[in-house]
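Here's coords_16.cif, which has mmCIF, C-alpha atoms:
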```cif
data_coords
loop_
_atom_site.label_atom_id
_atom_site.label_comp_id
_atom_site.auth_asym_id
_atom_site.auth_seq_id
_atom_site.Cartn_x
_atom_site.Cartn_y
_atom_site.Cartn_z
CA GLY W 1 62.60 63.01 168.22
CA GLN W 2 60.68 63.41 171.43
CA ASN W 3 60.07 61.14 174.38
CA ILE W 4 57.40 62.09 176.90
CA ASP W 5 56.41 60.14 180.01
CA GLN W 6 53.51 60.48 182.45
CA PRO W 7 51.99 58.15 185.05
CA THR W 8 49.20 56.11 183.51
CA GLU W 9 46.64 56.49 186.28
CA MET W 10 46.16 58.40 189.52
CA THR W 11 43.44 58.46 192.13
CA ALA W 12 42.67 61.25 194.59
CA THR W 13 39.91 62.33 196.94
CA GLU W 14 37.51 65.21 196.46
CA GLY W 15 38.89 68.38 198.07
CA ALA W 16 42.48 67.11 198.02
CA ILE W 17 45.52 68.25 196.01
CA VAL W 18 47.10 66.12 193.29
CA GLN W 19 50.31 66.55 191.32
CA ILE W 20 50.65 65.00 187.87
CA ASN W 21 54.22 64.73 186.62
CA CYS W 22 55.55 64.84 183.08
CA THR W 23 59.12 64.18 181.99
CA TYR W 24 60.33 64.80 178.49
CA GLN W 25 63.29 64.67 176.16
CA THR W 26 63.20 66.85 173.08
CA SER W 27 65.32 68.87 170.71
CA GLY W 28 64.67 72.57 170.26
CA PHE W 29 62.24 72.90 173.16
CA ASN W 30 59.69 75.64 172.57
CA GLY W 31 56.98 75.18 175.14
CA LEU W 32 55.07 72.65 177.22
CA PHE W 33 51.29 72.50 177.33
CA TRP W 34 48.81 70.79 179.61
CA TYR W 35 45.42 69.72 178.30
CA GLN W 36 42.42 68.15 180.01
CA GLN W 37 40.37 65.58 178.13
CA HIS W 38 37.13 64.07 179.35
CA ALA W 39 36.18 60.71 177.88
CA GLY W 40 34.79 61.08 174.38
CA GLU W 41 35.50 64.81 174.24
CA ALA W 42 38.19 67.01 172.72
CA PRO W 43 41.24 68.16 174.70
CA THR W 44 40.85 71.57 176.31
CA PHE W 45 43.81 73.83 176.99
CA LEU W 46 44.80 74.28 180.64
CA SER W 47 48.23 75.86 180.81
CA TYR W 48 51.45 76.73 179.01
CA ASN W 49 55.05 77.00 180.22
CA VAL W 50 58.10 78.00 178.24
CA LEU W 51 60.26 79.49 181.01
CA ASP W 52 61.23 77.83 184.27
CA GLY W 53 58.89 78.35 187.17
CA LEU W 54 55.31 78.16 188.24
CA GLU W 55 52.27 79.41 186.34
CA GLU W 56 49.10 79.66 188.40
CA LYS W 57 45.58 79.73 187.04
CA GLY W 58 42.88 79.39 189.64
CA ARG W 59 42.82 75.83 190.99
CA PHE W 60 45.40 74.73 188.42
CA SER W 61 49.14 75.44 188.45
CA SER W 62 51.87 74.20 186.17
CA PHE W 63 55.59 74.07 186.82
CA LEU W 64 58.50 73.70 184.42
CA SER W 65 62.20 72.92 184.84
CA ARG W 66 63.86 72.93 181.42
CA SER W 67 67.22 71.73 182.74
CA LYS W 68 65.55 68.65 184.22
CA GLY W 69 63.09 68.09 181.38
CA TYR W 70 60.33 68.05 183.96
CA SER W 71 56.91 69.58 184.45
CA TYR W 72 54.00 69.02 186.76
CA LEU W 73 50.36 70.02 186.85
CA LEU W 74 48.99 70.76 190.30
CA LEU W 75 45.25 70.54 190.87
CA LYS W 76 43.90 71.97 194.14
CA GLU W 77 40.51 71.56 195.82
CA LEU W 78 39.71 68.61 193.62
CA GLN W 79 36.16 68.27 192.34
CA MET W 80 34.42 65.24 190.88
CA LYS W 81 34.35 66.96 187.49
CA ASP W 82 38.17 66.94 187.48
CA SER W 83 38.07 63.21 186.72
CA ALA W 84 39.60 63.16 183.24
CA SER W 85 42.78 62.45 181.34
CA TYR W 86 45.52 65.04 181.61
CA LEU W 87 47.84 65.31 178.65
CA CYS W 88 51.25 66.88 178.66
CA ALA W 89 52.35 68.09 175.20
CA VAL W 90 55.73 69.38 174.13
CA ARG W 91 56.51 71.63 171.20
CA GLY W 92 59.95 71.36 169.74
CA PHE W 93 62.00 71.51 166.58
CA ASP W 94 63.84 68.82 164.71
CA ASN W 95 65.43 68.46 161.27
CA TYR W 96 61.96 68.46 159.69
CA GLY W 97 60.74 71.62 161.38
CA GLN W 98 58.33 72.14 164.22
CA ASN W 99 56.74 69.21 165.99
CA PHE W 100 54.05 68.94 168.64
CA VAL W 101 53.80 65.69 170.54
CA PHE W 102 51.41 64.58 173.26
CA GLY W 103 52.48 62.43 176.16
CA PRO W 104 50.52 59.24 176.90
CA GLY W 105 48.19 61.03 179.31
CA THR W 106 47.34 60.45 182.96
CA ARG W 107 43.84 59.25 183.83
CA LEU W 108 42.79 60.91 187.06
CA SER W 109 39.92 59.53 189.10
CA VAL W 110 38.50 61.76 191.82
CA LEU W 111 36.65 59.83 194.50
CA PRO W 112 34.07 61.22 196.94
CA ASP B 1 35.20 82.96 170.61
CA THR B 2 37.53 79.99 170.80
CA GLU B 3 35.33 77.57 168.93
CA VAL B 4 36.43 75.03 166.38
CA THR B 5 33.56 73.11 164.80
CA GLN B 6 33.70 69.72 163.12
CA THR B 7 31.18 67.79 161.06
CA PRO B 8 29.92 65.16 161.16
CA LYS B 9 30.05 64.13 164.81
CA HIS B 10 29.82 60.47 163.91
CA LEU B 11 30.57 58.69 160.64
CA VAL B 12 30.26 55.04 159.70
CA MET B 13 31.70 54.03 156.35
CA GLY B 14 32.63 50.95 154.40
CA MET B 15 36.09 50.25 153.07
CA THR B 16 35.05 51.21 149.53
CA ASN B 17 33.35 54.48 150.45
CA LYS B 18 34.62 58.01 149.92
CA LYS B 19 33.76 60.52 152.62
CA SER B 20 35.04 63.84 153.94
CA LEU B 21 35.48 65.32 157.39
CA LYS B 22 35.09 69.06 157.76
CA CYS B 23 36.55 71.54 160.21
CA GLU B 24 35.87 75.26 160.55
CA GLN B 25 37.17 78.07 162.74
CA HIS B 26 36.46 81.81 162.70
CA MET B 27 39.16 82.97 165.09
CA GLY B 28 41.44 84.24 162.35
CA HIS B 29 43.90 81.46 163.06
CA ARG B 30 46.39 80.72 160.30
CA ALA B 31 47.45 77.24 161.35
CA MET B 32 45.14 74.21 161.33
CA TYR B 33 45.81 70.62 162.30
CA TRP B 34 44.39 67.12 161.93
CA TYR B 35 44.97 64.57 164.69
CA LYS B 36 43.96 60.93 165.03
CA GLN B 37 43.16 59.54 168.47
CA LYS B 38 42.58 55.89 169.32
CA ALA B 39 40.87 54.89 172.55
CA LYS B 40 42.94 55.50 175.69
CA LYS B 41 45.80 56.90 173.62
CA PRO B 42 46.96 60.48 173.13
CA PRO B 43 46.20 62.38 169.90
CA GLU B 44 48.68 61.76 167.09
CA LEU B 45 49.46 64.57 164.68
CA MET B 46 48.61 63.81 161.05
CA PHE B 47 48.79 67.07 159.09
CA VAL B 48 49.48 70.75 159.68
CA TYR B 49 48.46 73.60 157.40
CA SER B 50 49.96 77.04 157.74
CA TYR B 51 48.55 79.90 155.68
CA GLU B 52 46.58 77.36 153.65
CA LYS B 53 49.69 75.42 152.67
CA LEU B 54 50.56 71.94 153.88
CA SER B 55 53.39 72.38 156.33
CA ILE B 56 53.71 69.00 158.02
CA ASN B 57 52.67 65.54 156.84
CA GLU B 58 53.50 62.95 159.45
CA SER B 59 53.90 60.03 157.02
CA VAL B 60 50.17 59.47 156.82
CA PRO B 61 48.87 56.88 154.27
CA SER B 62 47.58 58.35 151.03
CA ARG B 63 44.05 57.11 151.75
CA PHE B 64 43.87 60.25 153.92
CA SER B 65 43.97 63.42 151.83
CA PRO B 66 43.83 66.85 153.49
CA GLU B 67 42.61 70.01 151.85
CA CYS B 68 42.54 73.62 153.02
CA PRO B 69 40.16 75.58 150.73
CA ASN B 70 40.59 78.80 152.70
CA SER B 71 41.96 80.05 155.98
CA SER B 72 38.83 79.07 157.91
CA LEU B 73 38.21 75.60 156.52
CA LEU B 74 40.06 72.32 156.67
CA ASN B 75 38.87 69.07 155.12
CA LEU B 76 40.07 65.51 155.39
CA HIS B 77 39.08 63.33 152.45
CA LEU B 78 38.84 59.62 153.16
CA HIS B 79 39.04 56.83 150.59
CA ALA B 80 39.52 53.08 150.85
CA LEU B 81 40.00 53.16 154.59
CA GLN B 82 40.76 50.12 156.71
CA PRO B 83 38.99 49.05 159.94
CA GLU B 84 42.11 50.01 161.91
CA ASP B 85 41.51 53.62 160.80
CA SER B 86 38.51 53.75 163.11
CA ALA B 87 39.27 56.48 165.65
CA LEU B 88 38.38 59.96 166.84
CA TYR B 89 39.62 62.54 164.34
CA LEU B 90 40.35 65.89 165.92
CA CYS B 91 40.85 69.21 164.23
CA ALA B 92 42.71 72.04 165.95
CA SER B 93 43.76 75.57 165.12
CA SER B 94 46.26 78.07 166.46
CA GLN B 95 47.08 81.70 165.78
CA ASP B 96 50.23 80.67 164.00
CA LEU B 97 52.55 77.67 163.77
CA GLY B 98 53.85 78.16 167.26
CA LEU B 99 56.92 80.03 166.23
CA LYS B 100 55.77 82.63 168.72
CA SER B 101 55.91 81.23 172.19
CA THR B 102 52.31 81.80 173.21
CA ASP B 103 50.51 80.00 170.39
CA THR B 104 47.97 77.57 171.76
CA GLN B 105 46.02 74.94 169.85
CA TYR B 106 42.26 74.90 170.27
CA PHE B 107 40.53 71.64 169.48
CA GLY B 108 37.20 70.86 167.89
CA PRO B 109 34.88 68.20 169.35
CA GLY B 110 36.08 65.57 166.91
CA THR B 111 34.49 63.16 164.47
CA ARG B 112 34.05 59.59 165.68
CA LEU B 113 34.84 57.45 162.62
CA THR B 114 33.99 53.77 162.31
CA VAL B 115 35.20 51.82 159.29
CA LEU B 116 33.38 48.56 158.66
#
```
I'd like the structure from this file rewritten - as structure tokens, please.
Amino acid sequence: GQNIDQPTEMTATEGAIVQINCTYQTSGFNGLFWYQQHAGEAPTFLSYNVLDGLEEKGRFSSFLSRSKGYSYLLLKELQMKDSASYLCAVRGFDNYGQNFVFGPGTRLSVLP
Amino acid sequence: DTEVTQTPKHLVMGMTNKKSLKCEQHMGHRAMYWYKQKAKKPPELMFVYSYEKLSINESVPSRFSPECPNSSLLNLHLHALQPEDSALYLCASSQDLGLKSTDTQYFGPGTRLTVL
């Protein structure tokens, strides 16, 4: 099975940088995804990591360490619209085939 | 175009009703998914279809019945639901089942279901 952990809530100030951590345990790791979800809306894809290292995409970056079962999402130059839940999701394989499991999500509040 | 559409947006039904949720994508994706999401919780995978065949059924009660009429459409038939089934039901699609490393799931806007 899979076990994924994220902080429940975080608060940051507009213009600042925030790092959201995700730790996981899984069998047959085949990728880690970050999604953003605003209240009442569908998750939208932000980033994907399958190899160790940093992936940068504009104001968003995601890092992965497979040996440590650890990832983080880095958000720079925070804007009010970045207030949302951030979901870490891990794709893996078990005896039943592929699985795709979301972490509990981190609710980020950006304050003026 | 990375759009997945879902209808209806909102649905209120009684415990004796039969209703269906619909999902459509025209991205040529061959894998489609149903998720259930309760308030302040992450989405939970219910079903996965790959090439129009049910690939994964995450021990979902039989009152939920998925159907994939063709590669672009995915339905979820509902019958004799319970109030605790009230949730946001999300559909997603991906190019394939994620056996290639870069497959990404794209989500529809969801159907907000209330069971009275």
Legend entry - Of the listed residues B:Val115, B:Cys68, B:Leu21, B:Leu45, that which approaches chain W most closely, counting all atoms listed in the file: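 Between B:Val115, B:Cys68, B:Leu21, B:Leu45, the residue approaching chain W most closely is B:Leu45.
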Can you tell me, as a PDB file with C-alpha atoms, in the coordinates of the input, what residues are no more than 10 Å from Asp5 of chain W when counting only C-alpha atoms, ignoring any on the same chain fewer than 5 positions away?
```
ATOM      1  CA  ASN W  21      54.220  64.730 186.620  1.00  0.00           C
ATOM      2  CA  CYS W  22      55.550  64.840 183.080  1.00  0.00           C
ATOM      3  CA  THR W  23      59.120  64.180 181.990  1.00  0.00           C
ATOM      4  CA  TYR W  24      60.330  64.800 178.490  1.00  0.00           C
ATOM      5  CA  GLN W  25      63.290  64.670 176.160  1.00  0.00           C
ATOM      6  CA  TYR W  70      60.330  68.050 183.960  1.00  0.00           C
ATOM      7  CA  CYS W  88      51.250  66.880 178.660  1.00  0.00           C
ATOM      8  CA  PHE W 102      51.410  64.580 173.260  1.00  0.00           C
ATOM      9  CA  GLY W 103      52.480  62.430 176.160  1.00  0.00           C
ATOM     10  CA  PRO W 104      50.520  59.240 176.900  1.00  0.00           C
ATOM     11  CA  GLY W 105      48.190  61.030 179.310  1.00  0.00           C
ATOM     12  CA  THR W 106      47.340  60.450 182.960  1.00  0.00           C
TER      13      THR W 106
END
```
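Once the PyMOL selection byres ((chain B and resi 72) around 8) is applied to the shown structure, the selection contains Glu24, Gln25, His26, Gly28, His29, Asn70, Ser71, Leu73 and Leu74 of chain B.
Set the cut-off at 9 Å, count only C-alpha atoms, and the residues of chain B near chain W turn out to be B:Ala39, B:Lys40, B:Lys41, B:Pro42, B:Pro43, B:Glu44, B:Leu45, B:Ser55, B:Ile56, B:Leu88, B:Leu90, B:Leu97, B:Gly98, B:Leu99, B:Lys100, B:Ser101, B:Thr102, B:Thr104, B:Gln105, B:Tyr106, B:Phe107, B:Gly108, B:Pro109, B:Gly110, B:Arg112.
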Inset, instruction - Name every residue that the PyMOL selection byres ((chain W and resi 64-67) around 7) selects in this structure, writing the answer as a PyMOL selection string with chains first and numbers rising. - result: chain W and resi 49+51-54+62-63+68-72
Inset, instruction - Would you mind reading off the distance between atom CA of Ala92 of chain B and atom CA of Leu54 of chain B, one decimal, in Å? - result: 14.4 Å
Give me the residues near Pro69 of chain B as a CSV table (one decimal) with C-alpha atoms, in the frame of the given file, where near means some atom within 10 Å (using all atoms listed in the file) and where sequence neighbours in that chain fewer than 5 positions away do not count.
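File part.csv, as written:
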```csv
chain,number,residue,atom,x,y,z
B,52,GLU,CA,46.6,77.4,153.6
B,53,LYS,CA,49.7,75.4,152.7
B,74,LEU,CA,40.1,72.3,156.7
B,75,ASN,CA,38.9,69.1,155.1
```
Legend entry - Interatomic distance (Å, one decimal) between atom CA of His10 of chain B and atom CA of Ser86 of chain B: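 Computing the Euclidean distance for atom CA of His10 of chain B and atom CA of Ser86 of chain B yields 11.0 Å.
Across W:Gln19, W:Glu9, W:Trp34, W:Leu111, the tightest approach to Met80 of chain W is made by W:Leu111 when counting all atoms listed in the file.
Atom CA of Val110 of chain W is positioned 5.9 Å from atom CA of Glu14 of chain W.
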Inset, instruction - List the residues matched by the PyMOL selection byres ((chain B and resi 79-84) around 10) in the displayed structure as number ranges by chain, ordered by chain and then by residue number. - result: B: 13-20, 38, 61-65, 76-78, 85-87, 113-116
Inset, instruction - Excluding Leu75 of chain W and residues on its chain fewer than 3 positions from it, collect all residues at most 10 Å away from it, counting all atoms listed in the file, and give them as a PyMOL selection string. - result: chain W and resi 15-20+57-62+72+78-79+82
Restrict the selected residues to C-alpha atoms and save them as an mmCIF file, keeping the file's coordinate frame.
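For reference, result_31.cif as written:
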```cif
data_model
loop_
_atom_site.group_PDB
_atom_site.id
_atom_site.type_symbol
_atom_site.label_atom_id
_atom_site.label_comp_id
_atom_site.auth_asym_id
_atom_site.auth_seq_id
_atom_site.Cartn_x
_atom_site.Cartn_y
_atom_site.Cartn_z
ATOM 1 C CA GLY W 15 38.890 68.380 198.070
ATOM 2 C CA ALA W 16 42.480 67.110 198.020
ATOM 3 C CA ILE W 17 45.520 68.250 196.010
ATOM 4 C CA VAL W 18 47.100 66.120 193.290
ATOM 5 C CA GLN W 19 50.310 66.550 191.320
ATOM 6 C CA ILE W 20 50.650 65.000 187.870
ATOM 7 C CA LYS W 57 45.580 79.730 187.040
ATOM 8 C CA GLY W 58 42.880 79.390 189.640
ATOM 9 C CA ARG W 59 42.820 75.830 190.990
ATOM 10 C CA PHE W 60 45.400 74.730 188.420
ATOM 11 C CA SER W 61 49.140 75.440 188.450
ATOM 12 C CA SER W 62 51.870 74.200 186.170
ATOM 13 C CA TYR W 72 54.000 69.020 186.760
ATOM 14 C CA LEU W 78 39.710 68.610 193.620
ATOM 15 C CA GLN W 79 36.160 68.270 192.340
ATOM 16 C CA ASP W 82 38.170 66.940 187.480
#
```
Inset, instruction - Mind checking which residues fall within 6 Å of Ala31 of chain B, counting all atoms listed in the file, ignoring those fewer than 4 positions away in the same chain, and posting them as a PyMOL selection string? - result: chain B and resi 49-50+93-94+96-97
Inset, instruction - Write out as a VMD selection string each polymer residue whose atoms come within 7 Å of Thr26 of chain W, counting all atoms listed in the file; drop sequence neighbours fewer than 2 positions from it. - result: chain W and resid 1 to 3 24 28 to 29 92
